[in-house]
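Colleague: Questions regarding the structure given below will be posed in turn.
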Amino acid sequence: MAGGGSSLFSGFRVLGLYSNHVPHALRYHRKHQEFYVVTAVGRCFHTFNVKRLGIVSISNSLSDDITCLAGDRMLVFAAAGRLIYAFARNKEVVMRYHGHKQEVRLLLPLGDQLISTDSGGDVIVWDVQGGDVYLQLNFDPSAFQLSAMMHPSTYLNKVLLGSSQGALQLWNIKTSKLLFTFPGWSEGVTVLEQSPAVDVVGVGTAMGRIIIHNIRLNETLMTFLQDWGPISTLAFRTDGPPIMASGSPQGHIAFWDLERRHLVAQRQHAHRTSVAAATFLHGEPLLVTNGADNAIKVWIFDQDGGEARLLRSRQGHSAPPMTICHHGNDGKNILSAGQDGTLQSFSTLHERFNKNLGHGSINKKKEKKKKKGLMYEELRLPAITAFSSAAARQSDWDSIVACHRGRLATTTWNYQRCTMGAYHLQPPGVGRDAIATAVNITSCGNFVVIGASCGRVDVYNLQSGLHRGCYGDGTKAHSGAVRGVATETLNQLTITAGADSLLKFWRFKTRKQEEELRLSAAPASMKLHRDSGMLALVLDDFTLVIVDIETRRVVRKFAGHHGSINDMTFSPDGRWLVTVAMDCTIRTWDLPSGSLVDCFLVAMAPVGVSMSPTGDFLATAHVDSLGIYLWTNRSLCGPVRLRPLPVDYQPAEETLPGVTVENSEQEAMSEEADDVYLSAEQLGVELVTLSLLPDSRWKSLLHLDDIKRRNKPTAPPVAPPTAPFFLPTVPGLTPQFSLATATDQDKQSKVRSWGSLSQKSQFSSALESGLVSGSFDVPLRLLKDCGPAAVSVELSCLASEGGGANSLLLAFIQMIDSMLLSGRDFDLVHGYLALFLKLHLHQVSQDAVAMAALLRLSSTLEAGWAELQSSFNQSLCLLSYIKSALL
């Protein structure tokens, strides 16, 4: 039976991915006046602001991994395979460039052109806007294999090409002519970089030489030699001091003084792998570097001697994580131990809460003494294979205990201080061949139980690090290796599982065995859900058994995985058990029904899994992947219909989650304004919509007299001495001067007609037009723009005493009627109508036509209010029932 993916989990995001081996691209945004660094991560790229190293944008995923990056003021260019993509707003693909027959290796934006080279020796100059091929060159890789490319400053339409054979060529891309050939230095060119001085170029070679060459005079100015192998990157400082930085494949960075021509300082092990790229910020003492160790670092030069120190960084695991587990009860932090030997904590809320607990060391004092020199690998501990954490007493002492590959001694770690703890817990009288295999911290956070490959199980006090005893007779709890240890909530019971296929139950305090249970096969790992008392064991025959620690019997048995089960986790309520295996499946087992309810495939085999204590996220770690992937639990967002899956169920593959950005950190990187969603004025005809105006615009209309009397000034207003009293004004509430032209003044007659003396406001004119057309949108918009006092004056002028007429009174009543029928501006309708009746009720009662219209308006008001009151009463009744009923 074929499946349709997961019905329980959906991909959300990935944590801990920042950079790979692709050199970064640095951009400057003129509007934000800020630098941004763009790094590639698989099939997409991330954009970080250099000021905080906060992620601001993530591109859409491409069909293949990105091989090189470049950027100009408006676009970001990324090459994946044979195609080149142009991204706008650091996210959307707006142009594709087809034409290369081999994989694209280098990109260089140059004005309105984009220059690209591939592994086959083709160089194509593209028109960025149209995507057309402007020029195409071909080089024979055996004679001139392109390895570097740059545009010399102030050299119009010129490109300098470097080769693996050592020669350099200067081309004019507009005329397609070879201008000059530099014979080189018999060493392959790896890097070409423009220096702050015109005509001077820095050349890095595969033999570790750095040549500062004047390409105008074809003269070598100076030469440096790096002892760490080929030059991977070059950067020149532009804020004053003549400093050049060079990177190496070993992760070291050297700083050279170009005036004194010697090495100033060196930063060894700046990255764990090769330094992919290093770039100085223009006019600032900051250096941005990235590498394949999944790290972005910003270095600042503020120390004596020209040495740089680390200012800020974003880094994850440089090798795939092996074990993950949620730390604490809030589900916001995930502890991860990687093959690189580091222990890190990733936050599901924001990257600024991430913690790096560092790399374990055999002797911290010796390592501190040798920090100024080379970092000795023999002082580092191997990778962590298993660990246990407890947040109960983490503010008092170490709260994490870890087992290391091939070592018997376990180490303690302090989560609060983000460092390795003070104790190495090693049982006394044990041979060197034994190693620690399992560890578990009690729920109170005071003790830790550690199992070893020799069958020994020991108890230690975490506060003092003292050994408190061991389980079993003859100092051995099992005849084989201990595969799992666990303690229940009240610290009365200790459970151990060994390679001898025995599951043993011990009293925690007396360390005496109470009972043992023989399993059908040797267990590989064990997980206890303390709240429900369910113990899950993975057996070597790829089956799962569930043991109830109260009855101490096997209550469930599951089979279905076709590979070794790497890890498992319980849901917070203990109802589900999620397992991951080397068959690339993630399966969810329902314990009450004893059936498989969810199963799906992933592209890479998962090696670790952990479910949040709050049940909202499932975290997984995968083979050959540096990130931690989060899956959302759909059952928390809505009803999920789970049914038992058949034995022959064939799961469908789910795409691994991509990366998303928090809305609070997302920034627009384009100078163009994004589209804004506009809500509809009225969602439904049967609904009533209030206006968006402040309450003071309509609530105070009936109390204007009281407000004016309360706010009456103590002294009368004084007119300015140079008031332009002779300038004519336009009729209306807003004072506007009417300046007639000279020709009009000559034609004007000094005899004024009576009609010209009657002043009619813009609102009155619009109201008359609405009476004829039947549309009152214009007068309503004019009233909305007026304040309470202006609205009162406009309504007062509708009567004949104010220069109006009875037709204006009728038009206003019809405008209120149309507003009620539309259902919009419900609050304004009642405010305007109340003020109108207060001012003109006596005059309207004497006009039969206006009175008839007012009576029709009254019936419309009563019908609308009756329907609204019925909805209010129904809602109040339901609310009263919910508050008083015994549910």
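Note on naming: chains are A, B, ... as they come in the structure tokens, residues start from 1 per chain, ligands start from 1 in the order shown.
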Please give the complete set of residues from segment 510-723 of chain A that DSSP, run on the backbone, assigns to alpha helix (DSSP H), formatted as a PyMOL selection string.
Modeller: chain A and resi 704-710
Colleague: For the residues in that selection, give me C-alpha atoms as an mmCIF file, in the first residue's frame.
Modeller:
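Everything below was put into part-v3.cif:
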```cif
data_model
loop_
_atom_site.group_PDB
_atom_site.id
_atom_site.type_symbol
_atom_site.label_atom_id
_atom_site.label_comp_id
_atom_site.auth_asym_id
_atom_site.auth_seq_id
_atom_site.Cartn_x
_atom_site.Cartn_y
_atom_site.Cartn_z
ATOM 1 C CA LEU A 704 -19.641 70.730 21.744
ATOM 2 C CA ASP A 705 -21.298 73.555 23.696
ATOM 3 C CA ASP A 706 -20.045 72.187 27.012
ATOM 4 C CA ILE A 707 -16.579 71.646 25.576
ATOM 5 C CA LYS A 708 -16.383 75.194 24.179
ATOM 6 C CA ARG A 709 -17.599 76.678 27.456
ATOM 7 C CA ARG A 710 -15.038 74.663 29.411
#
```
Colleague: Nearest to Thr620 of chain A among A:Ser453, A:Gln226, A:Asn566, A:Ser147, with distances taken over only C-alpha atoms: which residue is it?
Modeller: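 Once distances to Thr620 of chain A are computed over only C-alpha atoms, the minimum belongs to A:Asn566.
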Colleague: Could you jot down the atom CA of Val275 of chain A to atom CA of His21 of chain A separation for me, Å, one decimal place?
Modeller: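 Separation of atom CA of Val275 of chain A and atom CA of His21 of chain A: 8.2 Å.
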Colleague: Residues at most 12 Å from Val685 of chain A, counting only C-alpha atoms, excluding those fewer than 4 positions away in the same chain, as a compact mmCIF listing (two decimals) with N, CA and C atoms, in the first residue's frame?
Modeller:
```
# COMPACT_ATOMS: atom_id res chain seq x y z
N ALA A 680 -10.75 44.51 2.45
CA ALA A 680 -11.98 45.01 1.84
C ALA A 680 -12.71 45.94 2.81
N GLU A 681 -13.45 46.92 2.24
CA GLU A 681 -14.18 47.85 3.08
C GLU A 681 -15.30 47.16 3.86
N THR A 689 -20.09 47.48 9.95
CA THR A 689 -18.68 47.84 10.06
C THR A 689 -18.57 49.23 10.68
N LEU A 820 -26.76 53.75 6.22
CA LEU A 820 -27.34 52.62 6.96
C LEU A 820 -27.51 51.41 6.07
N LEU A 821 -27.95 51.62 4.83
CA LEU A 821 -28.15 50.48 3.92
C LEU A 821 -26.82 49.82 3.55
N SER A 822 -25.73 50.60 3.47
CA SER A 822 -24.42 50.02 3.13
C SER A 822 -23.80 49.25 4.29
N GLY A 823 -24.19 49.57 5.53
CA GLY A 823 -23.64 48.87 6.70
C GLY A 823 -22.29 49.37 7.14
N ARG A 824 -21.75 50.39 6.50
CA ARG A 824 -20.44 50.92 6.86
C ARG A 824 -20.59 52.17 7.71
```
Colleague: Restricting the calculation to only C-alpha atoms, which member of A:Val200, A:Met534, A:Ala581, A:Leu878 is positioned closest to Val609 of chain A?
Modeller: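 Looking at the shortest contact to Val609 of chain A, the residue is A:Ala581.
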